[in-house]
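coords12.cif (mmCIF, C-alpha atoms) appears below.
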data_upload
loop_
_atom_site.label_atom_id
_atom_site.label_comp_id
_atom_site.auth_asym_id
_atom_site.auth_seq_id
_atom_site.Cartn_x
_atom_site.Cartn_y
_atom_site.Cartn_z
CA MET A 1 169.37 83.07 25.63
CA ALA A 2 170.45 82.71 21.98
CA ASP A 3 167.88 79.95 21.47
CA ARG A 4 164.93 82.09 22.56
CA PRO A 5 164.62 84.24 19.38
CA LYS A 6 164.89 81.10 17.26
CA GLY A 7 162.16 79.36 19.26
CA PHE A 8 159.99 82.44 19.10
CA ARG A 9 160.33 82.54 15.31
CA ARG A 10 159.32 78.89 15.10
CA LEU A 11 156.32 79.53 17.31
CA MET A 12 155.25 82.48 15.14
CA ALA A 13 155.66 80.44 11.96
CA ALA A 14 153.56 77.63 13.43
CA ALA A 15 150.88 80.15 14.45
CA ILE A 16 150.80 81.65 10.95
CA VAL A 17 150.48 78.18 9.41
CA LEU A 18 147.67 77.32 11.84
CA VAL A 19 145.78 80.54 11.05
CA ALA A 20 146.20 79.89 7.31
CA LEU A 21 144.83 76.35 7.73
CA VAL A 22 141.87 77.62 9.75
CA LEU A 23 141.10 80.25 7.11
CA ALA A 24 141.42 77.70 4.32
CA ALA A 25 139.07 75.35 6.15
CA ALA A 26 136.57 78.18 6.68
CA VAL A 27 136.69 79.11 3.00
CA TYR A 28 136.09 75.46 2.08
CA VAL A 29 133.18 75.03 4.49
CA TRP A 30 131.49 78.30 3.48
CA ARG A 31 132.55 78.32 -0.16
CA ASP A 32 128.98 78.19 -1.47
CA ASP A 33 127.97 81.15 0.70
CA ILE A 34 131.04 83.09 -0.42
CA LEU A 35 130.24 82.35 -4.05
CA ARG A 36 126.61 83.36 -3.63
CA THR A 37 127.64 86.64 -2.04
CA ARG A 38 130.04 87.41 -4.87
CA LEU A 39 127.42 86.69 -7.56
CA ASP A 40 124.46 88.39 -5.82
CA PRO A 41 123.39 91.52 -7.80
CA LYS A 42 122.50 93.11 -4.44
CA GLU A 43 119.51 94.89 -5.96
CA PRO A 44 115.81 93.94 -5.79
CA PHE A 45 114.59 92.55 -9.10
CA GLN A 46 111.65 94.98 -9.00
CA THR A 47 114.04 97.94 -9.39
CA TYR A 48 116.46 96.18 -11.73
CA ASP A 49 116.89 97.56 -15.26
CA PRO A 50 117.35 94.46 -17.47
CA PRO A 51 119.50 94.35 -20.62
CA PRO A 52 117.89 95.24 -23.98
CA ALA A 53 115.49 92.67 -25.44
CA PRO A 54 116.63 90.54 -28.39
CA ASP A 55 115.06 91.02 -31.81
CA TYR A 56 114.54 87.56 -33.23
CA ALA A 57 114.19 88.96 -36.73
CA GLN A 58 117.95 89.59 -36.51
CA ARG A 59 120.46 86.79 -36.97
CA SER A 60 122.47 88.16 -34.04
CA ALA A 61 119.66 87.08 -31.69
CA TRP A 62 120.30 83.42 -32.53
CA ALA A 63 123.29 81.53 -31.19
CA LEU A 64 122.70 78.77 -33.75
CA MET A 65 120.57 78.72 -36.89
CA PRO A 66 120.88 77.38 -40.46
CA ASN A 67 122.49 79.46 -43.18
CA ALA A 68 119.14 79.89 -44.89
CA PRO A 69 116.54 79.32 -42.17
CA GLU A 70 113.61 80.29 -44.39
CA ALA A 71 114.64 77.92 -47.21
CA PRO A 72 115.61 74.39 -46.09
CA THR A 73 117.51 72.37 -48.68
CA ALA A 74 117.32 68.71 -49.66
CA GLY A 75 120.71 68.10 -48.05
CA GLU A 76 119.55 69.19 -44.60
CA PRO A 77 117.86 66.93 -42.03
CA PRO A 78 114.08 66.50 -42.41
CA ALA A 79 113.18 68.11 -39.08
CA ASP A 80 114.05 71.13 -36.92
CA VAL A 81 115.39 71.32 -33.37
CA PHE A 82 114.46 74.24 -31.12
CA PHE A 83 117.23 74.28 -28.53
CA VAL A 84 117.09 76.23 -25.24
CA GLY A 85 120.59 76.26 -23.80
CA PRO A 86 121.72 75.95 -20.18
CA THR A 87 123.14 78.62 -17.88
CA THR A 88 126.41 80.15 -19.08
CA PHE A 89 126.22 83.52 -17.26
CA ASP A 90 127.52 83.68 -13.69
CA GLY A 91 125.91 86.89 -12.47
CA GLY A 92 127.27 89.74 -10.41
CA ARG A 93 125.83 93.06 -11.54
CA HIS A 94 122.98 91.51 -13.55
CA TRP A 95 120.08 89.25 -12.61
CA ASN A 96 119.71 88.41 -16.31
CA ALA A 97 122.44 88.16 -18.91
CA PRO A 98 122.89 90.53 -21.84
CA ILE A 99 122.60 88.38 -24.97
CA ASP A 100 126.00 89.63 -26.14
CA ASP A 101 127.97 88.78 -23.00
CA PRO A 102 131.26 87.47 -24.48
CA LYS A 103 132.15 85.04 -21.69
CA ALA A 104 128.68 83.46 -21.65
CA ASP A 105 128.65 83.20 -25.45
CA ARG A 106 132.11 81.60 -25.51
CA LEU A 107 131.06 79.01 -22.93
CA PHE A 108 127.97 78.20 -24.99
CA ARG A 109 129.92 77.77 -28.24
CA GLN A 110 132.87 75.86 -26.83
CA VAL A 111 131.18 73.67 -24.22
CA MET A 112 127.39 73.59 -24.12
CA ALA A 113 126.52 73.56 -27.82
CA PRO A 114 128.94 70.77 -28.81
CA ASN A 115 127.88 68.56 -25.89
CA TYR A 116 124.13 69.16 -25.73
CA ALA A 117 122.99 70.49 -29.11
CA GLY A 118 125.54 68.24 -30.81
CA PRO A 119 123.49 65.02 -30.45
CA PHE A 120 120.72 66.61 -32.54
CA VAL A 121 122.75 67.99 -35.46
CA ARG A 122 121.91 64.97 -37.62
CA VAL A 123 118.31 64.97 -36.45
CA GLY A 124 117.27 68.49 -37.47
CA ARG A 125 118.26 72.04 -38.30
CA ILE A 126 119.29 73.67 -35.02
CA PHE A 127 117.61 76.89 -33.87
CA ALA A 128 119.10 78.11 -30.58
CA PRO A 129 117.92 81.57 -29.48
CA ARG A 130 120.02 83.86 -27.39
CA TYR A 131 117.90 84.88 -24.43
CA ARG A 132 118.33 86.98 -21.32
CA GLN A 133 118.99 83.94 -19.20
CA ALA A 134 118.82 84.12 -15.43
CA SER A 135 122.26 84.11 -13.87
CA LEU A 136 123.89 81.11 -12.21
CA TYR A 137 123.24 82.85 -8.90
CA THR A 138 119.48 82.47 -9.39
CA LEU A 139 119.90 78.69 -9.44
CA MET A 140 121.70 78.77 -6.09
CA THR A 141 118.99 80.52 -4.06
CA LEU A 142 115.24 80.24 -3.56
CA ARG A 143 114.76 84.01 -3.14
CA ASP A 144 111.74 85.57 -4.84
CA ASP A 145 114.07 87.88 -6.79
CA ALA A 146 115.77 84.85 -8.33
CA ARG A 147 112.42 83.30 -9.29
CA GLU A 148 111.40 86.57 -10.94
CA ALA A 149 114.61 86.60 -12.97
CA ARG A 150 113.89 83.09 -14.21
CA ARG A 151 110.29 84.00 -15.07
CA PHE A 152 111.63 87.03 -16.96
CA ALA A 153 113.92 84.78 -19.03
CA TYR A 154 110.91 82.76 -20.16
CA GLY A 155 109.49 85.77 -22.01
CA ASP A 156 112.43 85.76 -24.43
CA VAL A 157 112.22 82.02 -25.04
CA ALA A 158 108.50 82.25 -25.80
CA GLN A 159 109.07 85.14 -28.22
CA ALA A 160 111.86 83.25 -29.97
CA PHE A 161 109.72 80.13 -30.38
CA ARG A 162 106.80 82.11 -31.78
CA TYR A 163 109.10 83.79 -34.28
CA TYR A 164 110.62 80.45 -35.25
CA ILE A 165 107.20 78.88 -35.82
CA ALA A 166 105.91 81.87 -37.79
CA HIS A 167 108.94 82.36 -40.05
CA TYR A 168 111.19 79.30 -40.12
CA ASN A 169 109.35 76.11 -39.22
CA LEU A 170 107.37 75.89 -42.48
CA ASP A 171 105.14 73.12 -41.07
CA ARG A 172 108.11 70.79 -40.62
CA PRO A 173 108.46 68.15 -37.88
CA PHE A 174 110.41 69.47 -34.91
CA VAL A 175 112.05 68.50 -31.64
CA ILE A 176 112.35 70.68 -28.54
CA VAL A 177 115.49 70.35 -26.43
CA GLY A 178 116.12 72.22 -23.17
CA VAL A 179 119.05 71.79 -20.81
CA GLU A 180 119.10 72.70 -17.10
CA GLN A 181 117.69 76.29 -16.88
CA GLY A 182 116.75 75.92 -20.54
CA GLY A 183 114.87 72.73 -19.70
CA THR A 184 112.77 74.44 -17.05
CA LEU A 185 111.91 77.24 -19.49
CA ALA A 186 111.15 74.72 -22.23
CA ALA A 187 108.76 72.86 -19.91
CA ARG A 188 106.60 75.97 -19.64
CA LEU A 189 106.97 76.64 -23.36
CA ILE A 190 105.64 73.17 -24.14
CA ALA A 191 102.68 73.64 -21.80
CA GLU A 192 101.69 77.09 -23.08
CA GLU A 193 102.63 76.97 -26.77
CA VAL A 194 102.64 73.34 -27.94
CA ALA A 195 100.34 71.23 -25.78
CA VAL A 196 97.38 73.55 -26.44
CA ASN A 197 97.95 73.69 -30.21
CA PRO A 198 96.86 70.49 -32.03
CA ALA A 199 98.77 71.40 -35.22
CA LEU A 200 102.04 71.85 -33.32
CA ARG A 201 101.51 68.74 -31.21
CA ALA A 202 101.03 66.70 -34.38
CA ARG A 203 104.45 67.81 -35.68
CA LEU A 204 106.38 67.39 -32.41
CA ALA A 205 108.56 64.28 -32.56
CA ALA A 206 109.58 64.59 -28.89
CA ALA A 207 110.78 67.02 -26.24
CA TYR A 208 114.03 66.31 -24.38
CA LEU A 209 114.45 68.17 -21.09
CA VAL A 210 117.96 67.37 -19.86
CA GLN A 211 118.84 67.81 -16.18
CA THR A 212 115.30 69.09 -15.65
CA VAL A 213 112.79 68.26 -12.94
CA VAL A 214 109.21 67.96 -14.24
CA PRO A 215 106.46 66.63 -11.92
CA SER A 216 105.04 63.32 -13.12
CA ASP A 217 101.54 64.10 -11.82
CA ASN A 218 100.86 66.90 -14.30
CA PRO A 219 103.28 66.82 -17.26
CA PRO A 220 102.67 69.11 -20.25
CA LEU A 221 102.91 66.10 -22.60
CA PRO A 222 102.61 62.32 -22.12
CA PRO A 223 105.91 60.84 -20.93
CA CYS A 224 107.91 58.82 -23.47
CA LEU A 225 107.10 55.27 -22.41
CA ALA A 226 108.66 53.50 -25.39
CA PRO A 227 111.22 54.11 -28.14
CA LYS A 228 109.77 55.61 -31.35
CA GLN A 229 106.78 57.02 -29.47
CA THR A 230 106.14 60.54 -30.79
CA GLY A 231 104.71 63.72 -29.29
CA CYS A 232 106.05 62.74 -25.88
CA LEU A 233 108.21 64.14 -23.10
CA ALA A 234 111.65 62.78 -22.14
CA ALA A 235 112.72 64.58 -18.96
CA TRP A 236 115.27 63.59 -16.35
CA ALA A 237 117.58 64.92 -13.68
CA SER A 238 120.57 62.75 -12.87
CA VAL A 239 123.13 62.21 -10.11
CA TYR A 240 126.02 59.81 -9.89
CA ASP A 241 125.87 56.75 -7.66
CA GLY A 242 126.99 57.59 -4.16
CA GLU A 243 125.50 61.10 -4.14
CA PRO A 244 122.40 60.70 -1.94
CA GLU A 245 122.65 64.28 -0.64
CA ARG A 246 122.62 65.69 -4.15
CA ALA A 247 119.64 63.53 -5.11
CA GLN A 248 117.74 64.73 -2.06
CA ALA A 249 118.68 68.34 -2.82
CA LEU A 250 117.14 67.96 -6.28
CA LEU A 251 113.90 66.80 -4.72
CA ASP A 252 113.94 69.44 -1.99
CA ARG A 253 115.11 72.53 -3.89
CA SER A 254 113.93 72.13 -7.48
CA LEU A 255 111.42 74.71 -8.68
CA VAL A 256 108.65 73.83 -11.14
CA TRP A 257 105.89 75.79 -12.84
CA ASN A 258 102.37 75.93 -11.46
CA ASP A 259 99.26 76.68 -13.53
CA ALA A 260 99.64 80.42 -12.88
CA GLY A 261 103.12 80.54 -14.42
CA GLN A 262 104.87 80.83 -11.05
CA LEU A 263 107.91 78.84 -9.97
CA VAL A 264 107.07 76.81 -6.87
CA ASN A 265 108.76 74.05 -4.91
CA LEU A 266 108.36 70.49 -6.14
CA GLY A 267 106.62 69.81 -2.86
CA GLY A 268 107.20 66.09 -2.49
CA ARG A 269 105.99 65.15 -5.95
CA THR A 270 107.89 62.55 -7.98
CA PRO A 271 109.62 63.83 -11.13
CA ILE A 272 109.44 62.21 -14.55
CA CYS A 273 112.50 60.00 -15.02
CA PHE A 274 113.38 59.15 -18.61
CA ASN A 275 116.25 56.69 -18.96
CA PRO A 276 118.17 57.46 -22.18
CA LEU A 277 119.67 53.96 -22.24
CA PHE A 278 116.20 52.42 -22.55
CA GLY A 279 114.61 55.31 -24.46
CA ALA A 280 111.70 55.22 -22.04
CA VAL A 281 110.37 56.22 -18.63
CA VAL A 282 110.98 52.98 -16.76
CA ASP A 283 112.38 51.97 -13.38
CA ALA A 284 114.41 48.95 -14.52
CA GLU A 285 118.19 49.11 -14.30
CA ALA A 286 120.00 49.69 -17.60
CA PRO A 287 123.47 48.10 -17.69
CA ALA A 288 126.46 49.93 -19.16
CA ARG A 289 126.50 47.62 -22.18
CA LEU A 290 123.45 49.52 -23.48
CA ASN A 291 125.33 52.84 -23.49
CA LEU A 292 125.84 53.66 -27.20
CA GLY A 293 128.36 56.38 -26.61
CA ALA A 294 129.50 59.03 -24.18
CA THR A 295 131.81 61.85 -25.20
CA ASN A 296 133.49 65.06 -24.16
CA ALA A 297 132.88 67.30 -27.18
CA THR A 298 134.20 70.48 -25.56
CA GLY A 299 136.15 72.55 -28.05
CA LEU A 300 135.09 70.42 -31.01
CA GLU A 301 134.36 72.23 -34.26
CA TRP A 302 130.63 72.83 -34.53
CA GLY A 303 128.87 70.09 -36.48
CA ALA A 304 131.75 67.62 -36.27
CA ARG A 305 130.75 64.23 -34.92
CA PRO A 306 132.85 63.32 -31.88
CA ALA A 307 134.49 60.00 -31.14
CA PHE A 308 132.35 57.91 -28.78
CA LEU A 309 133.27 55.94 -25.69
CA THR A 310 130.82 53.04 -25.42
CA ARG A 311 129.65 51.20 -22.31
CA GLN A 312 130.67 54.05 -20.03
CA VAL A 313 127.65 54.26 -17.74
CA GLY A 314 124.64 52.33 -16.56
CA ALA A 315 121.54 54.09 -15.24
CA LYS A 316 118.45 53.44 -13.14
CA CYS A 317 115.50 55.61 -12.13
CA ASP A 318 114.99 55.76 -8.38
CA LYS A 319 112.21 57.89 -6.86
CA GLY A 320 112.19 60.11 -9.94
CA ILE A 321 115.96 60.71 -10.06
CA LEU A 322 118.21 59.03 -12.66
CA ARG A 323 121.11 57.43 -10.82
CA VAL A 324 124.07 57.02 -13.16
CA THR A 325 127.14 54.87 -12.57
CA ARG A 326 130.42 56.77 -12.65
CA PRO A 327 132.09 56.85 -16.09
CA LYS A 328 135.32 54.99 -16.58
CA SER A 329 137.04 57.66 -18.68
CA SER A 330 138.75 60.59 -16.96
CA SER A 331 137.43 62.86 -19.74
CA LEU A 332 133.92 62.32 -18.38
CA LYS A 333 134.46 63.60 -14.87
CA PRO A 334 133.52 66.97 -13.35
CA SER A 335 136.29 69.54 -13.52
CA GLY A 336 136.92 73.26 -13.41
CA SER A 337 136.06 75.96 -10.90
CA TRP A 338 133.23 76.02 -8.35
CA THR A 339 131.03 77.82 -10.86
CA ASP A 340 131.88 75.29 -13.58
CA ARG A 341 130.82 72.44 -11.31
CA ARG A 342 127.44 74.05 -10.72
CA ARG A 343 126.54 74.14 -14.41
CA ALA A 344 125.59 71.40 -16.81
CA PRO A 345 128.75 69.23 -17.16
CA GLY A 346 131.14 69.86 -20.02
CA TYR A 347 130.54 66.37 -21.44
CA ASN A 348 127.57 64.18 -22.30
CA VAL A 349 127.42 60.55 -21.18
CA PHE A 350 124.29 59.93 -23.30
CA PHE A 351 125.37 61.70 -26.52
CA ALA A 352 124.99 58.77 -28.95
CA ASP A 353 121.93 57.45 -27.11
CA LEU A 354 120.09 60.76 -27.58
CA GLU A 355 121.18 61.02 -31.20
CA ALA A 356 119.75 57.57 -31.98
CA ASP A 357 116.61 58.08 -29.89
CA ALA A 358 115.67 61.42 -31.45
CA GLY A 359 116.40 60.17 -34.97
CA ALA A 360 114.10 57.20 -34.45
CA ARG A 361 111.25 59.37 -33.18
CA VAL A 362 111.55 61.80 -36.11
CA ALA A 363 111.51 58.83 -38.50
CA ALA A 364 108.47 57.37 -36.73
CA LEU A 365 106.63 60.67 -37.05
CA ALA A 366 107.20 60.57 -40.82
CA GLU A 367 105.79 57.06 -41.17
CA PRO A 368 102.29 56.95 -42.70
CA ARG A 369 99.62 56.36 -40.10
CA ALA A 370 97.37 53.35 -40.53
CA THR A 371 93.78 54.27 -41.29
CA PRO A 372 90.89 52.38 -39.69
CA ALA A 373 89.23 49.77 -41.92
CA ASP A 374 85.77 50.60 -43.23
#

Output the file's structure in the form of structure tokens.
Amino acid sequence: MADRPKGFRRLMAAAIVLVALVLAAAVYVWRDDILRTRLDPKEPFQTYDPPPAPDYAQRSAWALMPNAPEAPTAGEPPADVFFVGPTTFDGGRHWNAPIDDPKADRLFRQVMAPNYAGPFVRVGRIFAPRYRQASLYTLMTLRDDAREARRFAYGDVAQAFRYYIAHYNLDRPFVIVGVEQGGTLAARLIAEEVAVNPALRARLAAAYLVQTVVPSDNPPLPPCLAPKQTGCLAAWASVYDGEPERAQALLDRSLVWNDAGQLVNLGGRTPICFNPLFGAVVDAEAPARLNLGATNATGLEWGARPAFLTRQVGAKCDKGILRVTRPKSSSLKPSGSWTDRRRAPGYNVFFADLEADAGARVAALAEPRATPAD
């Protein structure tokens, strides 16, 4: 009889452990749905009151800009870079981020700017507008509300670019860079503001749309088919080798702009696939020996050039998706929370490759054009 309470306690402990394991397994299986529910504003976008609009005449509306944007000096690079940053705002109460959200701004400054604007610091003066970006939640659902939030974000980016051109560009050569959500917004910006303006097209060295799906059948600019080609589009979305489900999800779930300015499904079209190791849209396999330098620049002082790890990755375009070999260094591996892993990574395996590629295109744009013989 004395053993029965002890056995009962053991049975209860085993039951509690089993329930805990079942709950943990359920949380793991449905973690994406749980995260979506937590970040869902739970309000139709049509009745949503967005945060105040930025005033791009104010320095506070720019995350990055030169000290004297209206007066470039001889010591600064010869071109400009208009940079549209990736998603740094999770969501929750808002469909679109206030431009002064401290957590989103900190993530931009500590992680995204060093890793993705960093490759272009020596190429041009960086102009990175703060904009009412769509939340991370909007990238995890295909709901119409989420599409409307992303369309809304484009209005700020367009206004920022127009202000930059009117007040700061001063007829200088420029590069457009967009990353993830910023790349999708930049794709529309290029189509509506640059491609239709011969003067702007003539000064565009290139546009780099990182982790961005752009249909190859109707791009806003000619794809970059060779190094030093100017006025062209370098767009790619990448996955690591051994991630066929993620590659298929990119093809199935990516939204692209139609001619009416609406976000629609890719619909079976093949995306543009620029390979940074070749500096061109090409299907050949690029071995890791071509990789000029990957880096994790997170936390690095702004403007400081990071140390590079060479020969970290190879890459090959396959059905419009850039398949990248897994980096050797542990500093170049996904980390952080579930939300962190759904953003642009906190490192850049093509940092030095993009720096060299963009510098060469800006230099090529400055070269005198040959005139036809009489």

Stretch 156-159 of chain A: which residues within 12 Å, counting only C-alpha atoms, same-chain residues fewer than 2 positions away excluded, as a tab-separated table (two decimals) with C-alpha atoms, in the coordinates of the input?
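Final output, saved to out08.tsv:
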chain	number	residue	atom	x	y	z
A	51	PRO	CA	119.50	94.35	-20.62
A	52	PRO	CA	117.89	95.24	-23.98
A	53	ALA	CA	115.49	92.67	-25.44
A	54	PRO	CA	116.63	90.54	-28.39
A	55	ASP	CA	115.06	91.02	-31.81
A	56	TYR	CA	114.54	87.56	-33.23
A	57	ALA	CA	114.19	88.96	-36.73
A	61	ALA	CA	119.66	87.08	-31.69
A	62	TRP	CA	120.30	83.42	-32.53
A	82	PHE	CA	114.46	74.24	-31.12
A	83	PHE	CA	117.23	74.28	-28.53
A	84	VAL	CA	117.09	76.23	-25.24
A	85	GLY	CA	120.59	76.26	-23.80
A	96	ASN	CA	119.71	88.41	-16.31
A	97	ALA	CA	122.44	88.16	-18.91
A	98	PRO	CA	122.89	90.53	-21.84
A	99	ILE	CA	122.60	88.38	-24.97
A	127	PHE	CA	117.61	76.89	-33.87
A	128	ALA	CA	119.10	78.11	-30.58
A	129	PRO	CA	117.92	81.57	-29.48
A	130	ARG	CA	120.02	83.86	-27.39
A	131	TYR	CA	117.90	84.88	-24.43
A	132	ARG	CA	118.33	86.98	-21.32
A	133	GLN	CA	118.99	83.94	-19.20
A	134	ALA	CA	118.82	84.12	-15.43
A	149	ALA	CA	114.61	86.60	-12.97
A	150	ARG	CA	113.89	83.09	-14.21
A	151	ARG	CA	110.29	84.00	-15.07
A	152	PHE	CA	111.63	87.03	-16.96
A	153	ALA	CA	113.92	84.78	-19.03
A	154	TYR	CA	110.91	82.76	-20.16
A	161	PHE	CA	109.72	80.13	-30.38
A	162	ARG	CA	106.80	82.11	-31.78
A	163	TYR	CA	109.10	83.79	-34.28
A	164	TYR	CA	110.62	80.45	-35.25
A	165	ILE	CA	107.20	78.88	-35.82
A	166	ALA	CA	105.91	81.87	-37.79
A	176	ILE	CA	112.35	70.68	-28.54
A	178	GLY	CA	116.12	72.22	-23.17
A	181	GLN	CA	117.69	76.29	-16.88
A	182	GLY	CA	116.75	75.92	-20.54
A	183	GLY	CA	114.87	72.73	-19.70
A	184	THR	CA	112.77	74.44	-17.05
A	185	LEU	CA	111.91	77.24	-19.49
A	186	ALA	CA	111.15	74.72	-22.23
A	187	ALA	CA	108.76	72.86	-19.91
A	188	ARG	CA	106.60	75.97	-19.64
A	189	LEU	CA	106.97	76.64	-23.36
A	190	ILE	CA	105.64	73.17	-24.14
A	191	ALA	CA	102.68	73.64	-21.80
A	192	GLU	CA	101.69	77.09	-23.08
A	193	GLU	CA	102.63	76.97	-26.77
A	194	VAL	CA	102.64	73.34	-27.94

Taking the file as shown, what set of residues would the PyMOL selection byres ((chain A and resi 284) around 12) give back, as a PyMOL selection string? chain A and resi 273-275+277-283+285-287+314-319+322-323

Nearest to A:Gly231: which of A:Ala202, A:Ala247, A:Ala360, A:Leu11 is it, counting all atoms listed in the file? A:Ala202

Report the residues retrieved by the PyMOL selection byres ((chain A and resi 173) around 6) from the displayed file, expressed as a list in words.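 For this structure, the PyMOL selection byres ((chain A and resi 173) around 6) resolves to Ala79, Arg172, Phe174, Arg203 and Leu204 of chain A.
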
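All protein, DNA and RNA residues at most 12 Å from (130.9, 70.1, -15.5) are A:Pro86, A:Thr87, A:Thr88, A:Leu107, A:Val111, A:Met112, A:Asn115, A:Asn296, A:Thr298, A:Ser331, A:Leu332, A:Lys333, A:Pro334, A:Ser335, A:Gly336, A:Ser337, A:Trp338, A:Thr339, A:Asp340, A:Arg341, A:Arg342, A:Arg343, A:Ala344, A:Pro345, A:Gly346, A:Tyr347, A:Asn348, A:Val349, using all atoms listed in the file.
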
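Atom CA of A:Arg125 sits 19.7 Å away from atom CA of A:Ala199.
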
Taking 2 positions as the minimum chain separation for residues in the same chain, which residues sit within 6 Å of A:Ala234 when counting only C-alpha atoms? Answer as a PyMOL selection string. chain A and resi 207-208+224+274

When you look at stretch 209-212 of chain A with a cut-off of 6 Å (counting only C-alpha atoms), what residues show up, excluding the ones that are within fewer than 6 positions of it in the same chain? I need them as a ChimeraX atom specification. /A:177-180,183,235-237

Picked residues, the PyMOL selection byres ((chain A and resi 76) around 10), as a list in words: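 Taken on the displayed file, the PyMOL selection byres ((chain A and resi 76) around 10) yields the residues Pro66, Pro72, Thr73, Ala74, Gly75, Pro77, Pro78, Ala79, Asp80, Val121, Arg122, Val123, Gly124 and Arg125 of chain A.
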
Residue neighbourhood A:Met140, 12 Å, only C-alpha atoms, exclusion window fewer than 2 positions, as a PyMOL selection string: chain A and resi 32-37+39-40+87+90-91+134-138+142-143+145-147+181+249-250+253-255+339+342-343

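Of note, atom CA of A:Asn265 and atom CA of A:Glu245 are spaced 17.5 Å apart.
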
Of the listed residues A:Ile321, A:Leu309, A:Ala104, A:Leu64, that which approaches A:Asn291 most closely, counting all atoms listed in the file: A:Leu309

Find the residue from A:Leu170, A:Leu225, A:Ala206, A:Val324 that sits nearest to A:Leu354; use only C-alpha atoms when measuring.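 Closest residue, counting only C-alpha atoms: A:Ala206.
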